[in-house]
file structure-v8.tsv (TSV, C-alpha atoms)
chain	number	residue	atom	x	y	z
A	195	MET	CA	91.53	65.31	-20.14
A	196	GLU	CA	91.25	66.61	-16.57
A	197	ALA	CA	90.97	70.22	-17.85
A	198	ASN	CA	88.05	69.26	-20.04
A	199	LEU	CA	86.28	67.57	-17.11
A	200	GLN	CA	86.69	70.65	-14.92
A	201	GLN	CA	85.01	72.83	-17.57
A	202	LEU	CA	82.07	70.38	-17.94
A	203	SER	CA	78.93	71.62	-16.13
A	204	LEU	CA	75.25	70.63	-16.36
A	205	SER	CA	73.89	73.32	-14.10
A	206	ASP	CA	72.99	75.60	-16.98
A	207	GLU	CA	71.14	72.86	-18.81
A	208	GLU	CA	69.23	71.79	-15.69
A	209	ASP	CA	68.03	75.31	-14.97
A	210	GLU	CA	66.63	75.87	-18.45
A	211	GLY	CA	62.84	75.70	-18.46
A	212	LEU	CA	60.95	73.32	-20.74
A	213	ALA	CA	57.62	74.62	-21.99
A	214	VAL	CA	54.92	71.92	-21.83
A	215	VAL	CA	51.45	72.42	-23.28
A	216	PRO	CA	48.86	70.03	-21.73
A	217	VAL	CA	46.63	68.15	-24.13
A	218	ALA	CA	43.02	69.18	-23.62
A	219	ASP	CA	41.52	65.92	-24.78
A	220	ALA	CA	43.84	63.67	-22.79
A	221	PRO	CA	41.90	60.68	-21.38
A	222	SER	CA	41.32	60.77	-17.63
A	223	PHE	CA	39.32	58.48	-15.31
A	224	ARG	CA	36.14	60.00	-13.89
A	225	TYR	CA	34.52	58.74	-10.68
A	226	GLU	CA	30.98	59.32	-11.93
A	227	ASN	CA	28.62	56.54	-10.78
A	228	CYS	CA	31.42	54.96	-8.75
A	229	LEU	CA	31.41	53.50	-5.25
A	230	VAL	CA	34.39	52.61	-3.13
A	231	GLY	CA	33.87	49.86	-0.60
A	232	MET	CA	35.57	47.82	2.09
A	233	PHE	CA	34.44	44.80	4.07
A	234	LEU	CA	34.42	45.22	7.82
A	235	THR	CA	36.43	42.12	8.63
A	236	PHE	CA	39.98	40.95	9.22
A	237	ASN	CA	39.40	37.87	7.07
A	238	ARG	CA	40.56	37.59	3.51
A	239	ILE	CA	37.88	38.10	0.85
A	240	ASN	CA	37.75	35.90	-2.24
A	241	PHE	CA	37.65	38.65	-4.84
A	242	LYS	CA	36.51	36.52	-7.79
A	243	SER	CA	33.70	34.95	-5.82
A	244	MET	CA	32.62	38.27	-4.32
A	245	ARG	CA	32.53	39.91	-7.74
A	246	GLU	CA	30.32	37.20	-9.19
A	247	VAL	CA	27.98	37.19	-6.17
A	248	PHE	CA	27.31	40.92	-6.16
A	249	ALA	CA	26.94	41.06	-9.93
A	250	ASP	CA	24.25	38.37	-9.70
A	251	ILE	CA	22.52	40.00	-6.74
A	252	TRP	CA	22.51	43.52	-8.14
A	253	HIS	CA	21.97	42.47	-11.80
A	254	PRO	CA	22.59	46.06	-12.95
A	255	LEU	CA	20.88	47.13	-16.15
A	256	GLY	CA	23.97	48.88	-17.47
A	257	GLY	CA	26.51	46.49	-15.99
A	258	VAL	CA	29.07	46.96	-13.25
A	259	GLU	CA	32.86	46.87	-13.20
A	260	ILE	CA	34.47	45.76	-9.91
A	261	THR	CA	38.16	46.43	-9.40
A	262	GLU	CA	40.38	45.40	-6.50
A	263	LEU	CA	42.34	48.31	-5.04
A	264	GLU	CA	44.90	48.53	-2.27
A	265	ALA	CA	44.24	48.44	1.49
A	266	LYS	CA	41.40	45.90	1.08
A	267	ARG	CA	39.31	48.38	-0.89
A	268	TYR	CA	37.26	47.80	-4.00
A	269	LEU	CA	35.97	50.11	-6.70
A	270	PHE	CA	32.45	49.54	-8.04
A	271	ARG	CA	31.84	51.39	-11.30
A	272	PHE	CA	28.29	51.46	-12.63
A	273	PHE	CA	27.42	52.45	-16.17
A	274	ALA	CA	23.90	53.65	-15.31
A	275	GLY	CA	22.92	56.00	-12.51
A	276	VAL	CA	19.76	54.04	-11.75
A	277	ASP	CA	21.86	51.00	-10.81
A	278	LEU	CA	23.99	52.98	-8.37
A	279	GLU	CA	20.91	54.50	-6.71
A	280	ARG	CA	19.29	51.10	-6.31
A	281	VAL	CA	22.41	49.65	-4.69
A	282	LEU	CA	22.63	52.55	-2.24
A	283	ARG	CA	18.95	52.20	-1.32
A	284	GLY	CA	19.47	48.50	-0.60
A	285	THR	CA	22.32	48.94	1.85
A	286	PRO	CA	23.67	47.35	3.92
A	287	TRP	CA	25.08	44.53	1.78
A	288	LEU	CA	26.70	41.42	3.20
A	289	TYR	CA	29.14	38.87	1.82
A	290	ASN	CA	29.47	35.76	3.99
A	291	ASN	CA	27.89	37.87	6.78
A	292	HIS	CA	30.69	40.44	6.41
A	293	LEU	CA	29.41	44.01	6.24
A	294	LEU	CA	30.26	46.07	3.14
A	295	LEU	CA	30.94	49.76	3.78
A	296	LEU	CA	30.24	51.92	0.73
A	297	HIS	CA	30.89	55.54	-0.20
A	298	ALA	CA	29.76	57.36	-3.34
A	299	LEU	CA	32.77	59.06	-4.87
A	300	VAL	CA	32.68	62.63	-6.11
A	301	GLU	CA	35.11	64.44	-8.38
A	302	GLY	CA	38.46	65.05	-6.70
A	303	GLU	CA	38.19	62.34	-4.02
A	304	ASP	CA	40.84	59.68	-3.65
A	305	PRO	CA	39.24	56.21	-3.28
A	306	LEU	CA	42.16	55.14	-1.07
A	307	GLN	CA	41.81	58.09	1.31
A	308	VAL	CA	38.07	58.68	1.80
A	309	PRO	CA	36.84	57.48	5.21
A	310	LEU	CA	34.66	54.37	5.29
A	311	SER	CA	33.02	54.48	8.71
A	312	PHE	CA	29.26	54.75	8.14
A	313	VAL	CA	26.55	52.37	6.99
A	314	ASP	CA	22.77	52.65	6.68
A	315	GLU	CA	20.75	50.09	8.61
A	316	TRP	CA	17.13	49.27	9.49
A	317	VAL	CA	16.70	48.93	13.25
A	318	GLN	CA	13.65	47.43	14.92
A	319	VAL	CA	12.37	49.15	18.08
A	320	HIS	CA	10.54	46.71	20.35
A	321	ASP	CA	8.62	46.99	23.63
A	322	LEU	CA	7.09	50.36	22.78
A	323	LYS	CA	3.84	51.32	24.45
A	324	THR	CA	0.70	52.49	22.70
A	325	GLY	CA	1.01	56.10	21.63
A	326	PHE	CA	4.78	55.96	21.09
A	327	TYR	CA	4.63	54.96	17.42
A	328	THR	CA	5.00	58.53	16.21
A	329	GLN	CA	7.40	60.43	14.01
A	330	THR	CA	8.72	62.44	16.96
A	331	ILE	CA	9.67	59.30	18.88
A	332	ALA	CA	11.20	57.81	15.73
A	333	ILE	CA	13.39	60.87	15.12
A	334	ASN	CA	14.54	61.01	18.74
A	335	LEU	CA	15.42	57.30	18.79
A	336	GLU	CA	17.17	57.46	15.43
A	337	ASN	CA	19.33	60.37	16.52
A	338	PHE	CA	20.23	58.33	19.59
A	339	VAL	CA	21.21	55.23	17.57
A	340	GLY	CA	22.79	57.16	14.69
A	341	SER	CA	21.64	59.78	12.19
A	342	PHE	CA	17.98	60.00	11.16
A	343	LEU	CA	17.07	58.73	7.68
A	344	ASP	CA	13.56	57.25	7.69
A	345	TYR	CA	11.05	55.31	9.77
A	346	ASP	CA	8.34	52.69	9.20
A	347	THR	CA	5.27	51.88	11.31
A	348	THR	CA	3.66	49.20	9.13
A	349	TYR	CA	4.43	46.52	11.73
A	350	CYS	CA	2.34	48.17	14.43
A	351	SER	CA	-0.85	46.48	15.62
A	352	SER	CA	-3.21	46.49	18.59
A	353	ASN	CA	-1.09	43.76	20.24
A	354	GLU	CA	1.94	45.45	21.85
A	355	LYS	CA	3.89	42.19	22.11
A	356	ASP	CA	3.84	41.62	18.34
A	357	SER	CA	4.28	45.27	17.35
A	358	TYR	CA	7.48	47.13	16.63
A	359	MET	CA	8.66	50.19	14.75
A	360	ARG	CA	11.43	50.24	12.17
A	361	ILE	CA	13.87	53.13	11.94
A	362	ARG	CA	16.54	53.62	9.29
A	363	VAL	CA	19.69	55.20	10.61
A	364	GLN	CA	23.24	55.92	9.54
A	365	VAL	CA	25.42	54.07	12.02
A	366	ASP	CA	29.05	54.85	12.81
A	367	VAL	CA	30.76	51.45	12.89
A	368	ARG	CA	33.49	52.79	15.17
A	369	ASN	CA	31.02	53.11	18.06
A	370	PRO	CA	29.40	50.30	20.08
A	371	LEU	CA	25.89	49.30	19.10
A	372	LYS	CA	23.07	50.86	21.09
A	373	ARG	CA	21.10	48.24	22.98
A	374	ARG	CA	18.14	50.10	24.46
A	375	LYS	CA	16.80	53.52	25.44
A	376	LYS	CA	14.83	54.56	28.50
A	377	LEU	CA	11.56	56.37	27.77
A	378	VAL	CA	9.17	58.08	30.15
A	379	THR	CA	5.42	58.40	29.63
A	380	PRO	CA	3.50	61.62	30.45
A	381	THR	CA	2.29	59.93	33.65
A	382	GLY	CA	5.88	59.37	34.81
A	383	GLU	CA	6.04	55.65	34.02
A	384	ALA	CA	9.45	54.59	32.71
A	385	PHE	CA	10.17	51.72	30.34
A	386	TYR	CA	12.92	50.65	27.95
A	387	ALA	CA	12.72	50.48	24.16
A	388	ARG	CA	14.82	47.60	22.89
A	389	PHE	CA	16.75	47.71	19.58
A	390	ALA	CA	17.30	44.86	17.12
A	391	TYR	CA	19.38	45.24	13.96
A	392	GLU	CA	18.10	43.56	10.81
A	393	ARG	CA	21.34	43.06	8.85
A	394	PHE	CA	24.15	43.29	11.41
A	395	MET	CA	25.35	39.72	11.93
A	396	VAL	CA	28.94	39.91	13.17
A	397	PHE	CA	29.62	41.97	16.29
A	398	CYS	CA	31.42	41.54	19.58
A	399	PHE	CA	29.57	40.61	22.76
A	400	PHE	CA	32.26	42.28	24.89
A	401	CYS	CA	32.76	45.68	23.25
A	402	GLY	CA	29.63	45.86	21.10
A	403	ARG	CA	31.50	46.86	17.92
A	404	LEU	CA	30.93	45.51	14.44
A	405	GLY	CA	33.38	43.50	12.38
A	406	HIS	CA	34.65	40.90	14.86
A	407	THR	CA	33.40	38.41	17.41
A	408	ASP	CA	34.24	38.15	21.10
A	409	SER	CA	37.05	35.69	20.32
A	410	PHE	CA	39.01	38.43	18.52
A	411	CYS	CA	38.18	41.40	20.74
A	412	GLY	CA	41.02	43.77	21.61
A	413	LEU	CA	40.00	43.66	25.27
A	414	LEU	CA	41.49	40.16	25.45
A	415	LEU	CA	44.93	41.75	25.27
A	416	HIS	CA	44.41	43.23	28.75
A	417	LYS	CA	42.03	40.79	30.44
A	418	LYS	CA	41.22	37.11	30.28
A	419	LYS	CA	38.03	36.06	28.59
A	420	GLU	CA	36.64	34.72	31.87
A	421	GLU	CA	37.06	38.14	33.47
A	422	LEU	CA	35.06	39.96	30.81
A	423	GLN	CA	31.28	40.24	31.07
A	424	PRO	CA	29.33	40.15	27.80
A	425	LEU	CA	27.02	43.17	27.79
A	426	TRP	CA	25.77	42.53	24.23
A	427	GLY	CA	24.07	39.38	22.99
A	428	PRO	CA	22.34	37.65	20.06
A	429	GLU	CA	19.06	39.39	20.91
A	430	LEU	CA	20.41	42.40	19.01
A	431	ARG	CA	19.98	40.41	15.78
A	432	ALA	CA	16.47	40.99	14.52
A	433	VAL	CA	14.33	37.97	13.68
A	434	ARG	CA	12.38	38.46	10.47
A	435	ARG	CA	8.88	37.06	10.83
A	436	ARG	CA	8.07	34.99	7.77
A	437	ASN	CA	4.74	33.66	8.99
A	438	LEU	CA	2.92	36.96	8.62
A	439	CYS	CA	1.90	36.16	5.04
A	440	PRO	CA	-1.28	34.01	4.91
A	441	THR	CA	-1.25	30.71	3.08
A	442	SER	CA	-2.56	31.01	-0.45
A	443	SER	CA	-6.09	29.69	-0.95
A	444	TRP	CA	-4.94	28.19	-4.25
A	445	LEU	CA	-2.30	25.96	-2.62
A	446	ARG	CA	-3.35	22.34	-2.03
A	447	VAL	CA	-1.27	20.56	0.59
A	448	GLU	CA	-0.82	16.84	0.17
A	449	THR	CA	-2.00	14.87	3.21
A	450	PRO	CA	0.62	12.40	4.52
A	451	PHE	CA	-0.23	8.73	4.12
A	452	VAL	CA	0.15	8.09	7.83
A	453	GLN	CA	-2.65	10.55	8.56
A	454	ALA	CA	-5.09	8.90	6.15
A	455	THR	CA	-8.15	7.24	7.62
A	456	LEU	CA	-9.62	3.97	6.40
A	457	SER	CA	-12.79	4.09	4.32
A	458	PRO	CA	-15.99	2.57	5.78
A	459	ASN	CA	-15.58	-0.65	3.74
A	460	ASN	CA	-11.90	-0.89	4.80
A	461	GLN	CA	-10.83	-1.29	1.18
A	462	GLY	CA	-8.14	1.33	1.29
A	463	PRO	CA	-7.12	4.68	2.67
A	464	SER	CA	-9.46	7.58	2.31
A	465	LEU	CA	-8.13	11.11	2.62
A	466	GLY	CA	-11.56	12.59	3.09
A	467	PRO	CA	-13.23	15.32	1.02
A	468	GLN	CA	-11.10	18.27	0.06
A	469	LEU	CA	-12.29	21.61	-1.22
A	470	LEU	CA	-11.21	22.79	-4.62
A	471	PRO	CA	-9.09	25.97	-4.63
A	472	SER	CA	-11.96	27.82	-6.29
A	473	GLN	CA	-14.33	26.70	-3.52
A	474	SER	CA	-11.90	27.82	-0.81
A	475	PHE	CA	-11.56	31.19	-2.48
A	476	LEU	CA	-15.33	31.63	-2.78
A	477	ASN	CA	-15.82	30.58	0.85
A	478	SER	CA	-13.34	33.20	2.07
A	479	PHE	CA	-14.86	35.82	-0.26
A	480	LEU	CA	-18.49	35.11	0.70
A	481	GLY	CA	-17.75	34.57	4.38
A	482	THR	CA	-18.81	30.92	4.44
A	483	SER	CA	-17.20	27.86	5.99
A	484	SER	CA	-17.41	24.22	4.90
A	485	THR	CA	-18.93	21.52	7.09
A	486	THR	CA	-18.10	17.83	7.24
A	487	ASP	CA	-21.18	16.86	5.21
A	488	GLY	CA	-20.14	18.97	2.26
A	489	ARG	CA	-22.48	21.87	2.95
A	490	GLU	CA	-21.42	25.48	3.36
A	491	LYS	CA	-22.59	27.48	6.35
A	492	ALA	CA	-22.34	31.25	6.43
A	493	VAL	CA	-20.65	33.09	9.27
A	494	GLY	CA	-24.06	34.21	10.53
A	495	GLN	CA	-27.32	32.29	10.26
A	496	MET	CA	-27.38	32.34	6.44
A	497	GLU	CA	-26.88	29.00	4.68
A	498	THR	CA	-26.04	28.16	1.06
A	499	ASP	CA	-27.66	25.18	-0.64
A	500	GLN	CA	-25.26	23.02	-2.63
A	501	ASN	CA	-27.77	20.37	-3.72
A	502	HIS	CA	-27.60	21.60	-7.31
A	503	LEU	CA	-23.84	21.38	-7.68
A	504	GLY	CA	-22.52	19.40	-10.60
A	505	PRO	CA	-19.85	16.70	-10.49
A	506	ASN	CA	-17.10	19.31	-10.67
A	507	GLY	CA	-18.47	21.33	-7.77
A	508	LEU	CA	-20.07	23.89	-10.11
A	509	GLY	CA	-23.72	24.75	-10.54
A	510	GLU	CA	-25.77	23.25	-13.35
A	511	ASP	CA	-26.35	26.71	-14.82
A	512	ASP	CA	-22.78	27.82	-14.30
A	513	PRO	CA	-21.23	28.93	-17.62
A	514	MET	CA	-17.93	27.32	-16.57
A	515	GLN	CA	-19.65	23.91	-16.58
A	516	HIS	CA	-21.01	24.34	-20.10
A	517	SER	CA	-17.75	25.70	-21.44
A	518	VAL	CA	-15.86	22.64	-20.17
A	519	GLU	CA	-18.39	20.25	-21.69
A	520	GLY	CA	-18.35	22.16	-24.94
A	521	LYS	CA	-14.60	21.74	-25.21
A	522	LYS	CA	-14.93	18.00	-24.63
A	523	ARG	CA	-17.33	17.71	-27.54

call {"tool": "encode", "arguments": {"input": "structure-v8.tsv", "output": "structure tokens"}}
result
Amino acid sequence: MEANLQQLSLSDEEDEGLAVVPVADAPSFRYENCLVGMFLTFNRINFKSMREVFADIWHPLGGVEITELEAKRYLFRFFAGVDLERVLRGTPWLYNNHLLLLHALVEGEDPLQVPLSFVDEWVQVHDLKTGFYTQTIAINLENFVGSFLDYDTTYCSSNEKDSYMRIRVQVDVRNPLKRRKKLVTPTGEAFYARFAYERFMVFCFFCGRLGHTDSFCGLLLHKKKEELQPLWGPELRAVRRRNLCPTSSWLRVETPFVQATLSPNNQGPSLGPQLLPSQSFLNSFLGTSSTTDGREKAVGQMETDQNHLGPNGLGEDDPMQHSVEGKKR
């Protein structure tokens, strides 16, 4: 028995080579139209809720498949290239104010190893002087904030206080946010251009970095909170002006009952004469304004006679008046 065990050896069998022919049509996962992402936060993300929210927001034409990976990373697989391009153009994306860092995968990249440190953002540049809303200034400021992508001057007007320029930059989230930049005019006058970020919501007032607030800053490990001076503040969050759009001339606002005035015979509340939407539109188109007696006065000296208006506020010869009556018959 012992002699047989001494003669037993597997070395020869282990050293023999085994010829393996790979199968050409073996299925393999391709990262075409795929994004890998990670939320810039220490908090836990509700994966099911996040998946439903982004699917509803993006509403991709070809659909999207969202998979949870390791190390708090997620894989977003689109089935149409147009959906992936639209999502990348709309960056940055937020979930519960947490910033989503995205990277478009290419063949050969490992979704768990690619760096996720950059995000595209629109930054508002305030307090610029007249003559500084140019492409050269935009490129110089963008390269100071991050990497130049695009710029927009549609919010510029003759009033410097209400004007600002928008620049789109690629920001490195590992660096503190830029607050302002000193500019010098050709005459030697110096002033500061102030930055405001449109989608960055969570950042630290002590270190200026994204992804955490001042209550969770790493500087608190070395100093007390009372000893630290906040150099960043909420003014870095841009305020979107929603009152720039004029009120529609077709919208009729109901007058509150408490603002109603009594009629001359004191028989009940009278809300006073109101213009029809069509009359308001014609007034704004013709440059006329309504008076309290129901007459329309032009912006200049020209007046419009309304003595021949029908009961519906239309002229007697107006085809709209006859068409309505014809339908009633």

call {"tool": "atom_distance", "arguments": {"input": "structure-v8.tsv", "atom1": "CA of Asn369 (chain A)", "atom2": "CA of Leu404 (chain A)"}}
result
8.4 Å

call {"tool": "closest_residue", "arguments": {"input": "structure-v8.tsv", "among": "A:Glu259, A:Glu429, A:Asp346, A:Asp277", "to": "Ile331 (chain A)", "atoms": "only C-alpha atoms"}}
result
A:Asp346

call {"tool": "residues_around", "arguments": {"input": "structure-v8.tsv", "residues": "Tyr289 (chain A)", "least_positions_apart": "4", "cutoff": "9 Å", "atoms": "only C-alpha atoms", "output": "list of chain:residue names"}}
result
A:Phe233, A:Ile239, A:Met244, A:Val247, A:Phe248, A:Leu293, A:Leu294

call {"tool": "residues_around", "arguments": {"input": "structure-v8.tsv", "residues": "Thr407 (chain A)", "least_positions_apart": "3", "cutoff": "7 Å", "atoms": "only C-alpha atoms", "output": "JSON, numbers by chain"}}
result
{"A": [396, 397, 398, 399, 410, 411]}

call {"tool": "residues_around", "arguments": {"input": "structure-v8.tsv", "residues": "Tyr327 (chain A)", "least_positions_apart": "6", "cutoff": "9 Å", "atoms": "all atoms listed in the file", "output": "list in words"}}
result
Thr347, Cys350, Tyr358 and Met359 of chain A

call {"tool": "residues_around", "arguments": {"input": "structure-v8.tsv", "residues": "region 400-402 of chain A", "least_positions_apart": "4", "cutoff": "7 Å", "atoms": "all atoms listed in the file", "output": "tab-separated table (two decimals) with C-alpha atoms, in the coordinates of the input"}}
result
chain	number	residue	atom	x	y	z
A	370	PRO	CA	29.40	50.30	20.08
A	371	LEU	CA	25.89	49.30	19.10
A	408	ASP	CA	34.24	38.15	21.10
A	422	LEU	CA	35.06	39.96	30.81
A	423	GLN	CA	31.28	40.24	31.07
A	424	PRO	CA	29.33	40.15	27.80
A	425	LEU	CA	27.02	43.17	27.79
A	426	TRP	CA	25.77	42.53	24.23

call {"tool": "closest_residue", "arguments": {"input": "structure-v8.tsv", "among": "A:Val281, A:Leu299, A:His253, A:Ser311", "to": "Leu229 (chain A)", "atoms": "all atoms listed in the file"}}
result
A:Leu299

call {"tool": "residues_near_point", "arguments": {"input": "structure-v8.tsv", "point": "(38.5, 49.9, -1.2)", "cutoff": "8 Å", "atoms": "only C-alpha atoms", "output": "count of residues only"}}
result
13

call {"tool": "atom_distance", "arguments": {"input": "structure-v8.tsv", "atom1": "CA of Asn353 (chain A)", "atom2": "CA of Gly325 (chain A)"}}
result
12.6 Å

call {"tool": "axis_aligned_box", "arguments": {"input": "structure-v8.tsv", "around": "region 251-256 of chain A", "padding_each_side": "4 Å", "output": "lines of an AutoDock Vina configuration file"}}
result
center_x = 22.4
center_y = 44.4
center_z = -12.1
size_x = 11.1
size_y = 16.9
size_z = 18.7

call {"tool": "atom_distance", "arguments": {"input": "structure-v8.tsv", "atom1": "CA of Thr324 (chain A)", "atom2": "CA of Glu354 (chain A)"}}
result
7.2 Å

call {"tool": "closest_residue", "arguments": {"input": "structure-v8.tsv", "among": "A:Gly405, A:Gly275, A:Gly257, A:Pro286", "to": "Tyr391 (chain A)", "atoms": "all atoms listed in the file"}}
result
A:Pro286

call {"tool": "closest_residue", "arguments": {"input": "structure-v8.tsv", "among": "A:Arg431, A:Ala298, A:Glu383, A:Glu210", "to": "Leu310 (chain A)", "atoms": "all atoms listed in the file"}}
result
A:Ala298

call {"tool": "closest_residue", "arguments": {"input": "structure-v8.tsv", "among": "A:Cys228, A:Leu234, A:Tyr349, A:Thr328", "to": "Leu282 (chain A)", "atoms": "only C-alpha atoms"}}
result
A:Cys228

call {"tool": "closest_residue", "arguments": {"input": "structure-v8.tsv", "among": "A:Tyr345, A:Leu295, A:Val258, A:Ser357", "to": "Arg271 (chain A)", "atoms": "all atoms listed in the file"}}
result
A:Val258
